[in-house]
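What follows is the content of final.cif (mmCIF, C-alpha atoms and all ligand atoms).
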```
data_data
loop_
_atom_site.label_atom_id
_atom_site.label_comp_id
_atom_site.auth_asym_id
_atom_site.auth_seq_id
_atom_site.Cartn_x
_atom_site.Cartn_y
_atom_site.Cartn_z
CA MET A 1 0.00 0.00 0.00
CA ASP A 2 1.74 3.14 -1.18
CA LYS A 3 -0.13 6.26 -0.21
CA ASN A 4 1.26 9.56 -1.31
CA TYR A 5 0.59 12.02 1.46
CA TYR A 6 1.07 14.99 -0.87
CA ASP A 7 -1.65 13.70 -3.18
CA ILE A 8 -3.95 13.03 -0.25
CA LEU A 9 -3.70 16.65 0.87
CA GLY A 10 -3.67 17.90 -2.73
CA VAL A 11 -0.49 19.90 -2.31
CA SER A 12 2.78 19.96 -4.21
CA LYS A 13 5.99 18.43 -2.91
CA THR A 14 7.34 21.91 -2.38
CA ALA A 15 4.31 23.24 -0.51
CA SER A 16 5.01 25.44 2.50
CA GLN A 17 3.87 24.49 5.99
CA ASP A 18 1.16 27.14 5.73
CA GLU A 19 -0.14 25.67 2.48
CA ILE A 20 -0.14 22.19 3.98
CA LYS A 21 -1.93 23.40 7.09
CA SER A 22 -4.60 25.21 5.15
CA ALA A 23 -5.16 22.27 2.77
CA TYR A 24 -5.46 19.98 5.77
CA LYS A 25 -7.93 22.28 7.53
CA LYS A 26 -10.22 22.45 4.50
CA LEU A 27 -10.19 18.71 3.92
CA ALA A 28 -10.54 17.80 7.59
CA PHE A 29 -13.56 20.06 7.86
CA LYS A 30 -15.13 18.60 4.72
CA TYR A 31 -14.64 14.97 5.71
CA HIS A 32 -15.06 15.23 9.47
CA PRO A 33 -17.31 12.39 10.72
CA ASP A 34 -19.51 14.93 12.50
CA HIS A 35 -20.32 16.50 9.14
CA ASN A 36 -20.78 13.17 7.37
CA PRO A 37 -22.62 10.91 9.77
CA GLY A 38 -22.70 7.28 8.67
CA ASP A 39 -20.55 7.92 5.60
CA GLU A 40 -17.73 5.38 5.71
CA ALA A 41 -16.02 6.69 2.62
CA ALA A 42 -15.75 10.09 4.27
CA ALA A 43 -14.56 8.49 7.49
CA ASP A 44 -11.81 6.68 5.60
CA LYS A 45 -10.86 9.85 3.84
CA PHE A 46 -10.78 11.70 7.15
CA LYS A 47 -8.46 9.08 8.57
CA GLU A 48 -6.21 9.31 5.55
CA ILE A 49 -6.07 13.10 5.70
CA ASN A 50 -5.11 13.02 9.36
CA GLU A 51 -2.43 10.47 8.71
CA ALA A 52 -0.98 12.58 5.89
CA TYR A 53 -1.04 15.75 7.96
CA GLN A 54 0.52 13.96 10.88
CA VAL A 55 3.59 13.55 8.72
CA LEU A 56 3.64 16.51 6.34
CA GLY A 57 2.59 19.00 9.01
CA ASP A 58 5.73 18.20 10.96
CA GLU A 59 8.98 19.33 9.39
CA LYS A 60 11.00 16.52 10.91
CA LYS A 61 8.61 13.75 9.93
CA ARG A 62 8.11 15.30 6.53
CA ALA A 63 11.85 15.28 5.88
CA GLN A 64 11.95 11.65 6.92
CA TYR A 65 9.04 10.86 4.64
CA ASP A 66 10.63 12.64 1.69
CA ASN A 67 13.86 10.83 2.35
CA PRO A 68 12.96 7.52 3.85
CA THR A 69 16.35 6.22 4.81
CA GLN A 70 15.26 5.34 8.30
CA SER A 71 12.48 2.88 8.83
CA PHE A 72 9.68 5.15 9.78
CA PHE A 73 6.63 3.14 8.88
CA GLY A 74 5.47 0.20 10.90
CA GLY A 75 3.72 -2.77 9.37
CA GLU A 76 1.25 -2.37 6.60
CA GLY A 77 -1.23 0.40 6.14
CA GLY A 78 1.19 3.11 7.09
CA GLY A 79 0.59 2.83 10.82
CA PHE A 80 3.28 4.50 12.86
CA SER A 81 5.28 2.44 15.23
CA GLY A 82 8.61 4.08 15.73
CA PHE A 83 7.09 7.46 16.34
CA GLY A 84 9.71 9.80 17.69
CA GLY A 85 8.89 11.93 20.66
CA PHE A 86 6.22 9.75 22.07
CA SER A 87 8.17 8.45 24.99
CA GLY A 88 7.21 11.32 27.23
CA PHE A 89 3.54 10.55 27.50
CA GLY A 90 1.69 11.99 30.42
CA GLU A 91 2.79 15.06 32.29
CA GLY A 92 4.77 17.61 30.41
CA GLY A 93 7.09 18.31 33.30
CA GLY A 94 8.01 21.68 34.67
CA SER A 95 9.09 23.38 31.49
CA ILE A 96 5.62 23.97 30.18
CA PHE A 97 5.38 27.60 31.27
CA ASP A 98 8.86 28.40 30.06
CA ASN A 99 7.83 27.16 26.71
CA ILE A 100 4.87 29.46 26.47
CA PHE A 101 6.77 32.50 27.69
CA ASN A 102 9.53 31.95 25.19
CA PHE A 103 7.12 33.04 22.54
CA PHE A 104 6.39 36.38 24.13
CA GLY A 105 10.10 37.15 24.26
CA GLY A 106 10.48 36.63 20.55
CA GLY A 107 7.76 39.03 19.61
CA THR A 108 7.77 38.02 15.97
CA SER A 109 5.35 35.11 15.80
CA LYS A 110 1.98 34.63 17.39
CA ALA A 111 1.93 32.62 20.58
CA GLN A 112 1.53 28.93 19.88
CA GLY A 113 0.28 26.41 22.41
CA ARG A 114 2.10 23.13 22.69
CA ASP A 115 0.79 19.88 21.31
CA ILE A 116 -0.16 17.39 23.95
CA GLN A 117 -0.38 13.63 23.71
CA VAL A 118 -2.81 11.11 25.05
CA ARG A 119 -3.18 7.40 24.61
CA VAL A 120 -6.62 6.01 23.92
CA THR A 121 -7.46 2.33 24.07
CA LEU A 122 -10.27 1.11 21.84
CA SER A 123 -11.84 -2.31 21.97
CA PHE A 124 -11.55 -4.37 18.79
CA GLU A 125 -15.21 -3.64 18.02
CA GLU A 126 -14.91 0.10 18.71
CA ALA A 127 -11.91 0.31 16.42
CA ALA A 128 -13.73 -1.61 13.69
CA PHE A 129 -17.05 0.21 13.74
CA GLY A 130 -15.96 3.63 14.98
CA THR A 131 -17.00 5.19 18.26
CA ALA A 132 -17.27 8.37 20.26
CA LYS A 133 -15.32 8.43 23.48
CA GLU A 134 -14.73 10.81 26.33
CA VAL A 135 -11.04 11.38 26.79
CA ALA A 136 -9.53 12.98 29.87
CA VAL A 137 -6.93 15.57 29.00
CA THR A 138 -4.72 17.67 31.24
CA ARG A 139 -3.65 20.80 29.47
CA THR A 140 -2.52 24.36 30.05
CA GLU A 141 -5.19 27.01 29.71
CA PRO A 142 -5.26 30.74 30.35
CA CYS A 143 -6.23 31.34 33.99
CA SER A 144 -9.89 32.26 34.17
CA ALA A 145 -9.52 34.26 37.41
CA CYS A 146 -7.25 36.85 35.81
CA GLY A 147 -8.28 36.47 32.17
CA GLY A 148 -4.89 34.99 31.35
CA THR A 149 -3.03 38.11 32.42
CA GLY A 150 -1.39 36.90 35.64
CA ALA A 151 -2.47 40.06 37.46
CA LYS A 152 -4.98 39.92 40.29
CA ASN A 153 -8.52 40.26 38.86
CA GLY A 154 -6.87 40.96 35.53
CA THR A 155 -6.56 44.61 36.53
CA GLU A 156 -3.64 44.98 38.95
CA PHE A 157 -1.10 46.35 36.50
CA THR A 158 1.21 49.31 36.35
CA LYS A 159 2.57 50.87 33.20
CA CYS A 160 5.98 49.52 32.23
CA SER A 161 8.58 52.20 32.97
CA ASN A 162 11.13 50.74 30.58
CA CYS A 163 9.04 51.28 27.44
CA ASN A 164 6.59 53.79 28.88
CA GLY A 165 3.72 51.44 28.05
CA SER A 166 4.43 51.04 24.35
CA GLY A 167 5.83 47.51 24.67
CA LYS A 168 8.68 48.42 22.35
CA VAL A 169 12.10 49.90 22.90
CA ARG A 170 14.29 51.66 20.35
CA PHE A 171 17.91 50.77 20.19
CA VAL A 172 20.81 51.93 18.08
CA GLN A 173 23.22 49.55 16.42
CA ASN A 174 26.60 50.29 14.89
CA THR A 175 26.89 48.68 11.48
CA PRO A 176 29.40 49.00 8.63
CA TYR A 177 26.91 51.39 7.04
CA GLY A 178 26.68 53.63 10.06
CA GLN A 179 24.30 53.72 12.97
CA MET A 180 20.93 52.10 12.52
CA ALA A 181 18.01 52.55 14.82
CA SER A 182 15.50 49.82 15.20
CA GLU A 183 12.77 48.72 17.53
CA ARG A 184 12.42 45.56 19.49
CA VAL A 185 10.11 44.08 22.06
CA CYS A 186 10.62 45.56 25.50
CA PRO A 187 12.52 42.95 27.49
CA LYS A 188 11.06 44.08 30.81
CA CYS A 189 7.36 43.63 30.02
CA GLY A 190 7.70 41.24 27.10
CA GLY A 191 5.88 43.66 24.80
CA LYS A 192 2.77 44.02 26.93
CA GLY A 193 3.51 47.58 27.99
CA LYS A 194 2.47 46.82 31.53
CA ILE A 195 3.78 44.83 34.42
CA ILE A 196 1.95 43.01 37.15
CA LYS A 197 1.53 45.01 40.38
CA GLU A 198 -0.19 42.23 42.31
CA SER A 199 -0.14 38.61 41.14
CA CYS A 200 -3.30 36.63 40.57
CA PRO A 201 -3.60 34.30 43.57
CA LYS A 202 -5.02 31.44 41.51
CA CYS A 203 -2.19 31.11 38.99
CA MET A 204 0.49 32.84 41.11
CA GLY A 205 1.03 35.35 38.31
CA LYS A 206 1.82 32.73 35.70
CA ALA A 207 -1.34 33.62 33.74
CA TYR A 208 -1.84 29.93 33.01
CA VAL A 209 -3.22 26.99 34.92
CA ARG A 210 -3.19 23.24 34.40
CA ALA A 211 -6.75 22.12 33.80
CA ASN A 212 -8.37 18.70 33.58
CA THR A 213 -10.81 18.56 30.72
CA LYS A 214 -12.95 15.85 29.23
CA LEU A 215 -13.22 15.90 25.47
CA LYS A 216 -15.64 13.86 23.44
CA LEU A 217 -13.72 12.53 20.47
CA THR A 218 -15.21 10.82 17.45
CA PHE A 219 -13.19 7.94 16.08
CA PRO A 220 -14.09 6.89 12.52
CA PRO A 221 -14.40 3.17 11.67
CA LEU A 222 -11.36 0.99 10.91
CA MET A 223 -8.85 2.58 13.25
CA ASP A 224 -5.67 0.56 13.60
CA ASN A 225 -3.50 -0.29 16.53
CA GLY A 226 -0.59 2.15 16.71
CA GLN A 227 -2.36 4.76 14.61
CA VAL A 228 -1.87 8.37 15.58
CA VAL A 229 -4.44 11.06 14.90
CA SER A 230 -4.37 14.72 15.73
CA VAL A 231 -7.26 16.85 16.89
CA ARG A 232 -6.61 20.44 15.97
CA GLY A 233 -6.73 23.10 18.61
CA GLU A 234 -7.32 20.80 21.58
CA GLY A 235 -3.80 20.98 22.94
CA ASP A 236 -2.45 23.65 25.28
CA LYS A 237 -4.29 26.97 24.94
CA VAL A 238 -2.61 30.36 24.89
CA SER A 239 -4.36 33.70 25.24
CA GLY A 240 -4.33 35.59 21.98
CA GLY A 241 -2.56 32.77 20.20
CA VAL A 242 -3.03 29.50 18.40
CA PRO A 243 -3.81 26.49 20.56
CA GLY A 244 -1.70 23.35 20.17
CA ASP A 245 -3.10 20.10 18.88
CA LEU A 246 -4.12 17.02 20.77
CA ILE A 247 -2.17 14.05 19.46
CA VAL A 248 -4.00 10.79 20.09
CA ALA A 249 -2.08 7.52 19.96
CA ILE A 250 -4.47 4.62 19.55
CA THR A 251 -4.15 1.18 21.04
CA VAL A 252 -6.60 -1.47 19.88
CA THR A 253 -7.30 -4.39 22.20
CA PRO A 254 -6.84 -7.71 20.39
CA HIS A 255 -9.91 -9.90 19.82
CA LYS A 256 -10.11 -13.46 21.09
CA LEU A 257 -11.04 -14.85 17.68
CA PHE A 258 -10.50 -12.27 15.00
CA THR A 259 -7.77 -10.17 13.52
CA ARG A 260 -8.54 -7.42 11.03
CA LYS A 261 -7.06 -5.76 7.97
CA GLY A 262 -9.15 -2.84 6.87
CA ALA A 263 -12.72 -4.11 6.85
CA ASP A 264 -11.70 -7.76 6.35
CA LEU A 265 -11.72 -10.17 9.27
CA TYR A 266 -9.46 -13.19 9.72
CA MET A 267 -10.13 -16.21 11.88
CA THR A 268 -8.68 -19.66 12.43
CA TYR A 269 -11.35 -22.32 12.77
CA PRO A 270 -10.67 -25.91 13.86
CA ILE A 271 -12.57 -28.78 12.24
CA THR A 272 -12.41 -32.53 12.92
CA VAL A 273 -10.76 -34.94 10.54
CA ILE A 274 -14.23 -36.38 9.90
CA GLN A 275 -15.54 -32.94 8.79
CA ALA A 276 -12.43 -32.52 6.66
CA LEU A 277 -13.04 -35.92 5.01
CA ILE A 278 -16.72 -35.83 4.26
CA GLY A 279 -17.47 -32.09 4.43
CA ASP A 280 -19.97 -30.30 6.63
CA LYS A 281 -22.14 -27.22 7.04
CA VAL A 282 -21.31 -25.17 10.11
CA LYS A 283 -22.01 -21.78 11.66
CA VAL A 284 -19.01 -19.60 12.46
CA PRO A 285 -19.18 -16.66 14.87
CA ALA A 286 -19.54 -13.15 13.46
CA LEU A 287 -17.97 -10.01 14.95
CA LYS A 288 -21.47 -8.60 15.36
CA GLY A 289 -24.84 -10.28 15.00
CA ASP A 290 -25.79 -13.82 14.04
CA PRO A 291 -23.32 -16.59 13.23
CA VAL A 292 -22.50 -17.05 9.57
CA SER A 293 -23.11 -20.26 7.58
CA MET A 294 -20.05 -21.89 6.10
CA SER A 295 -19.72 -25.00 3.93
CA ILE A 296 -16.68 -27.20 4.43
CA PRO A 297 -16.13 -29.09 1.18
CA GLU A 298 -15.26 -32.77 1.37
CA GLY A 299 -11.57 -33.53 1.23
CA THR A 300 -10.55 -30.24 2.87
CA LEU A 301 -6.84 -29.92 3.64
CA SER A 302 -5.59 -28.27 6.79
CA THR A 303 -4.83 -24.50 6.43
CA THR A 304 -7.36 -24.17 3.61
CA THR A 305 -8.88 -20.69 3.75
CA ILE A 306 -12.52 -20.10 2.98
CA LYS A 307 -13.69 -16.62 2.06
CA LEU A 308 -17.09 -15.61 3.39
CA LYS A 309 -18.10 -12.69 1.25
CA GLY A 310 -19.61 -9.75 3.11
CA ALA A 311 -19.10 -11.34 6.54
CA GLY A 312 -16.34 -8.93 7.55
CA VAL A 313 -16.86 -5.58 9.22
CA ASP A 314 -20.30 -4.34 8.23
CA LEU A 315 -20.18 -0.59 7.65
CA GLY A 316 -23.56 -0.32 5.96
CA ARG A 317 -22.88 0.37 2.33
CA ARG A 318 -19.47 -1.19 2.57
CA LYS A 319 -18.88 -4.67 3.92
CA GLY A 320 -15.59 -6.44 4.43
CA ASP A 321 -15.11 -10.16 3.90
CA MET A 322 -14.24 -12.85 6.40
CA TYR A 323 -11.37 -15.25 5.78
CA VAL A 324 -11.64 -18.49 7.72
CA LYS A 325 -8.54 -20.63 7.89
CA LEU A 326 -9.43 -24.23 8.60
CA ILE A 327 -7.18 -26.31 10.80
CA VAL A 328 -7.88 -30.05 10.75
CA ASP A 329 -7.91 -31.55 14.22
CA MET A 330 -6.95 -35.20 14.77
CA PRO A 331 -7.88 -37.42 17.71
CA LYS A 332 -4.87 -37.67 20.03
CA SER A 333 -5.26 -41.42 20.55
CA LEU A 334 -7.49 -44.09 19.09
CA SER A 335 -9.08 -47.16 20.67
CA ARG A 336 -8.34 -50.66 19.38
CA GLU A 337 -11.77 -50.81 17.78
CA GLN A 338 -11.39 -47.42 16.09
CA LYS A 339 -8.04 -48.44 14.64
CA ASP A 340 -9.43 -51.68 13.25
CA LYS A 341 -12.40 -49.92 11.67
CA ILE A 342 -10.20 -47.25 10.10
CA LYS A 343 -7.82 -49.89 8.74
CA GLU A 344 -10.76 -51.71 7.26
CA LEU A 345 -11.97 -48.44 5.76
CA GLY A 346 -8.48 -47.68 4.46
CA GLU A 347 -8.55 -50.80 2.35
CA MET A 348 -11.52 -49.34 0.50
CA PHE A 349 -9.51 -46.32 -0.69
CA LYS A 350 -7.72 -46.31 -4.01
CA ASP A 351 -4.21 -44.84 -4.32
CA SER A 352 -5.60 -42.48 -6.98
CA GLN A 353 -7.71 -40.79 -4.32
CA PHE A 354 -4.59 -39.27 -2.73
CA GLU A 355 -3.34 -36.84 -5.35
CA SER A 356 -0.31 -35.42 -3.56
CA VAL A 357 0.93 -38.81 -2.42
CA ARG A 358 0.54 -40.21 -5.92
CA SER A 359 2.36 -37.35 -7.62
CA PHE A 360 5.17 -37.49 -5.05
CA ASN A 361 5.68 -41.20 -5.59
CA ARG A 362 5.93 -40.66 -9.32
CA LYS A 363 8.91 -38.30 -8.93
ZN ZN B 1 -4.63 33.97 37.22
ZN ZN B 2 7.98 47.54 28.74
#
```

Translate this structure into structure tokens?
Amino acid sequence: MDKNYYDILGVSKTASQDEIKSAYKKLAFKYHPDHNPGDEAAADKFKEINEAYQVLGDEKKRAQYDNPTQSFFGGEGGGFSGFGGFSGFGEGGGSIFDNIFNFFGGGTSKAQGRDIQVRVTLSFEEAAFGTAKEVAVTRTEPCSACGGTGAKNGTEFTKCSNCNGSGKVRFVQNTPYGQMASERVCPKCGGKGKIIKESCPKCMGKAYVRANTKLKLTFPPLMDNGQVVSVRGEGDKVSGGVPGDLIVAITVTPHKLFTRKGADLYMTYPITVIQALIGDKVKVPALKGDPVSMSIPEGTLSTTTIKLKGAGVDLGRRKGDMYVKLIVDMPKSLSREQKDKIKELGEMFKDSQFESVRSFNRK
């Protein structure tokens, strides 16, 4: 399966991060499961778009994708296994505020909240059919008590004396072409033009708090173990800036009987040597709903696979198939009487009835 992430997002190989982001936003909005209820094709597309953006939206991963010298992709289907940077799941540690404040110092770009990661475990059925799930997220948000200012009641400020409230300071630089005056962000107030007189007691003047939030996330059908999806804007929030994304790493619980590839189900089904010899009609379990009828033809060899059309994951208009691998079971020991009867029966067989044995002996 060779998916071209550039084609999926409809952008050129040389597209800028902004172009990629905007293409992703448009497509994600169009194909979001909430806007296309019950539409599996849209759900698939949505999944694909997310997967593509997961890679192309990240410079590092994009470079790796463009130049795949390292093994970046896991098994089939483009699921990520060796995903860099996922070791630090859980708490972001103490540097979270530093990270946010770094942006104010720069003064050039808009504040950007950090991406946060969560792991979500889906049952085999949830992953196959899609589900909505409440996910607990701990993230940084602007403090509500001070309106994200860090000052008590959001009002206890004084004008910054360093920049006289403008947030900018002029400075003169000596260059080979003479002196040049330019402006930069006031280092004392970080460009705000004001400084905190009395700190907000709730956030201790940090302007941000750690908040526990529950988000209801919609997972489209056919999610795979190890898949990573991103939910835009649900990461750390910053006042007056762009929130980070929530990166969701999905674990799918294995099923007792089935494995799955896309919408197709796979199962190993034991039959007796008698069923293998003379054939049978049986009912095999389905992932959902009633058991499915299956005919075992006479003379079935062990490891024969029978395809049950349409018995895979049922997504309404689209149905996967079920592949049943038959394993022939033999009695562990036979009684005297059974042995005699089988010997007697054996004499009734002709050599020509055993094709493989016959052709081997001819060689
Ligand atoms: Zn506060
Ligand atoms: Zn200032």

For chain A versus ligand ZN 2 (chain B), which residues have an atom no more than 7 Å away, and what is each residue's nearest atom pair and distance in Å rounded to one decimal, using all atoms listed in the file, chain-then-number order, as JSON lines?
```
{"residue": "A:Cys160", "atom": "CA", "partner": "B:ZN2", "partner_atom": "ZN", "distance": 4.5}
{"residue": "A:Ser161", "atom": "CA", "partner": "B:ZN2", "partner_atom": "ZN", "distance": 6.3}
{"residue": "A:Asn162", "atom": "CA", "partner": "B:ZN2", "partner_atom": "ZN", "distance": 4.9}
{"residue": "A:Cys163", "atom": "CA", "partner": "B:ZN2", "partner_atom": "ZN", "distance": 4.1}
{"residue": "A:Asn164", "atom": "CA", "partner": "B:ZN2", "partner_atom": "ZN", "distance": 6.4}
{"residue": "A:Gly165", "atom": "CA", "partner": "B:ZN2", "partner_atom": "ZN", "distance": 5.8}
{"residue": "A:Ser166", "atom": "CA", "partner": "B:ZN2", "partner_atom": "ZN", "distance": 6.6}
{"residue": "A:Gly167", "atom": "CA", "partner": "B:ZN2", "partner_atom": "ZN", "distance": 4.6}
{"residue": "A:Lys168", "atom": "CA", "partner": "B:ZN2", "partner_atom": "ZN", "distance": 6.5}
{"residue": "A:Cys186", "atom": "CA", "partner": "B:ZN2", "partner_atom": "ZN", "distance": 4.6}
{"residue": "A:Pro187", "atom": "CA", "partner": "B:ZN2", "partner_atom": "ZN", "distance": 6.6}
{"residue": "A:Lys188", "atom": "CA", "partner": "B:ZN2", "partner_atom": "ZN", "distance": 5.1}
{"residue": "A:Cys189", "atom": "CA", "partner": "B:ZN2", "partner_atom": "ZN", "distance": 4.2}
{"residue": "A:Gly190", "atom": "CA", "partner": "B:ZN2", "partner_atom": "ZN", "distance": 6.5}
{"residue": "A:Gly191", "atom": "CA", "partner": "B:ZN2", "partner_atom": "ZN", "distance": 5.9}
{"residue": "A:Lys192", "atom": "CA", "partner": "B:ZN2", "partner_atom": "ZN", "distance": 6.5}
{"residue": "A:Gly193", "atom": "CA", "partner": "B:ZN2", "partner_atom": "ZN", "distance": 4.5}
{"residue": "A:Lys194", "atom": "CA", "partner": "B:ZN2", "partner_atom": "ZN", "distance": 6.2}
```

task: Report the distance between CA of Ala23 in chain A and CA of Leu9 in chain A in Å, rounded to one decimal place.
output: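 That distance, rounded to one decimal, is 6.1 Å.
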
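Coordinates place atom ZN of ligand ZN 1 (chain B) at a distance of 4.9 Å from CA of Ala145 in chain A.
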
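Considering the residues A:Glu59, A:Met267, A:Lys332, A:Glu40 and counting all atoms listed in the file, Asp18 in chain A has its shortest atom-to-atom contact with A:Glu59.
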
Long-range neighbours of Gly312 in chain A as a PDB file with C-alpha atoms, keeping the file's coordinate frame, 9 Å cut-off, only C-alpha atoms, 2 positions minimum in chain:
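This is the output file out-v5.pdb:
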```pdb
ATOM      1  CA  ARG A 260      -8.540  -7.420  11.030  1.00  0.00           C
ATOM      2  CA  ALA A 263     -12.720  -4.110   6.850  1.00  0.00           C
ATOM      3  CA  ASP A 264     -11.700  -7.760   6.350  1.00  0.00           C
ATOM      4  CA  LEU A 265     -11.720 -10.170   9.270  1.00  0.00           C
ATOM      5  CA  TYR A 266      -9.460 -13.190   9.720  1.00  0.00           C
ATOM      6  CA  ALA A 286     -19.540 -13.150  13.460  1.00  0.00           C
ATOM      7  CA  LEU A 287     -17.970 -10.010  14.950  1.00  0.00           C
ATOM      8  CA  LEU A 308     -17.090 -15.610   3.390  1.00  0.00           C
ATOM      9  CA  LYS A 309     -18.100 -12.690   1.250  1.00  0.00           C
ATOM     10  CA  GLY A 310     -19.610  -9.750   3.110  1.00  0.00           C
ATOM     11  CA  ASP A 314     -20.300  -4.340   8.230  1.00  0.00           C
ATOM     12  CA  LYS A 319     -18.880  -4.670   3.920  1.00  0.00           C
ATOM     13  CA  GLY A 320     -15.590  -6.440   4.430  1.00  0.00           C
ATOM     14  CA  ASP A 321     -15.110 -10.160   3.900  1.00  0.00           C
ATOM     15  CA  MET A 322     -14.240 -12.850   6.400  1.00  0.00           C
ATOM     16  CA  TYR A 323     -11.370 -15.250   5.780  1.00  0.00           C
TER      17      TYR A 323
END
```

Return as a list in words every polymer residue, whether protein, DNA or RNA, with at least one atom no more than 8 Å from an atom of ligand ZN 1 (chain B); count only C-alpha atoms and all ligand atoms. Pro142, Cys143, Ser144, Ala145, Cys146, Gly147, Gly148, Thr149, Gly150, Ala151, Lys152, Asn153, Gly154, Ser199, Cys200, Pro201, Lys202, Cys203, Met204, Gly205, Lys206, Ala207, Tyr208 and Val209 of chain A

* Hey, what's within 8 Å of range 228-238 of chain A if we count all atoms listed in the file and toss same-chain stuff fewer than 5 positions away? As a list in words, please? -> Lys47, Asn50, Glu51, Gln54, Gly79, Phe80, Ile100, Ala111, Gln112, Gly113, Arg114, Asp115, Ile116, Arg139, Thr140, Glu141, Pro142, Pro243, Gly244, Asp245, Leu246, Ile247, Val248, Ala249 and Ile250 of chain A

Find the spatial neighbours of Tyr5 in chain A, counting all atoms listed in the file, within a cut-off of 9 Å - ignore same-chain residues fewer than 4 positions away - and output them as a compact mmCIF listing (two decimals) with C-alpha atoms, in the frame of the given file.
```
# COMPACT_ATOMS: atom_id res chain seq x y z
CA LEU A 9 -3.70 16.65 0.87
CA GLY A 10 -3.67 17.90 -2.73
CA VAL A 11 -0.49 19.90 -2.31
CA GLU A 48 -6.21 9.31 5.55
CA ILE A 49 -6.07 13.10 5.70
CA GLU A 51 -2.43 10.47 8.71
CA ALA A 52 -0.98 12.58 5.89
CA TYR A 53 -1.04 15.75 7.96
CA VAL A 55 3.59 13.55 8.72
CA LEU A 56 3.64 16.51 6.34
```

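Put simply, CA of Ile278 in chain A is 15.0 Å away from CA of Ile327 in chain A.
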
The residue from A:Gln227, A:Thr303, A:Thr175, A:Ser293 with the smallest atom-to-atom distance to Thr268 in chain A, counting all atoms listed in the file, is A:Thr303

Padding 8 Å on every side, please: axis-aligned box over the listed atoms of range 13-25 of chain A, centre and edge lengths to one decimal in Å, as JSON.
```
{"center_x": -0.3, "center_y": 22.8, "center_z": 2.3, "size_x": 31.3, "size_y": 24.7, "size_z": 26.4}
```

Contact residues around Glu126 in chain A with all atoms listed in the file at 12 Å, ignoring same-chain residues under 6 positions, as an MDAnalysis selection string: chainID A and resid 120 132:133 218:225 250:255 287:288 313

Of A:Gln64, A:Ser123, A:Ser295, A:Asn361, the one sitting nearest Lys283 in chain A when using all atoms listed in the file is A:Ser295

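Residues in contact with Ser182 in chain A at 8 Å, where only C-alpha atoms are counted and same-chain residues fewer than 5 positions away are skipped, are listed as A:Arg170, A:Phe171, A:Val172, A:Gln173.
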
Since the input lacks some atoms of range 116-125 of chain A, please model N, CA, C and O atoms and print them as a compact mmCIF listing (two decimals), keeping the file's coordinate frame.
```txt
# COMPACT_ATOMS: atom_id res chain seq x y z
N ILE A 116 -0.23 18.34 22.84
CA ILE A 116 -0.16 17.39 23.95
C ILE A 116 -0.58 16.01 23.46
O ILE A 116 -1.27 15.88 22.45
N GLN A 117 -0.13 15.00 24.16
CA GLN A 117 -0.38 13.63 23.71
C GLN A 117 -1.21 12.86 24.72
O GLN A 117 -1.03 13.02 25.93
N VAL A 118 -2.09 12.05 24.20
CA VAL A 118 -2.81 11.11 25.05
C VAL A 118 -2.84 9.76 24.36
O VAL A 118 -2.72 9.68 23.13
N ARG A 119 -2.98 8.74 25.15
CA ARG A 119 -3.18 7.40 24.61
C ARG A 119 -4.63 7.03 24.82
O ARG A 119 -5.17 7.27 25.90
N VAL A 120 -5.24 6.46 23.80
CA VAL A 120 -6.62 6.01 23.92
C VAL A 120 -6.67 4.54 23.53
O VAL A 120 -6.09 4.14 22.52
N THR A 121 -7.31 3.75 24.38
CA THR A 121 -7.46 2.33 24.07
C THR A 121 -8.87 2.07 23.57
O THR A 121 -9.84 2.46 24.21
N LEU A 122 -8.97 1.47 22.40
CA LEU A 122 -10.27 1.11 21.84
C LEU A 122 -10.40 -0.40 21.85
O LEU A 122 -9.42 -1.12 21.64
N SER A 123 -11.62 -0.88 22.09
CA SER A 123 -11.84 -2.31 21.97
C SER A 123 -11.77 -2.65 20.47
O SER A 123 -11.85 -1.77 19.61
N PHE A 124 -11.62 -3.93 20.18
CA PHE A 124 -11.55 -4.37 18.79
C PHE A 124 -12.79 -3.91 18.02
O PHE A 124 -12.70 -3.42 16.89
N GLU A 125 -13.95 -4.03 18.66
CA GLU A 125 -15.21 -3.64 18.02
C GLU A 125 -15.29 -2.13 17.81
O GLU A 125 -15.71 -1.66 16.76
```
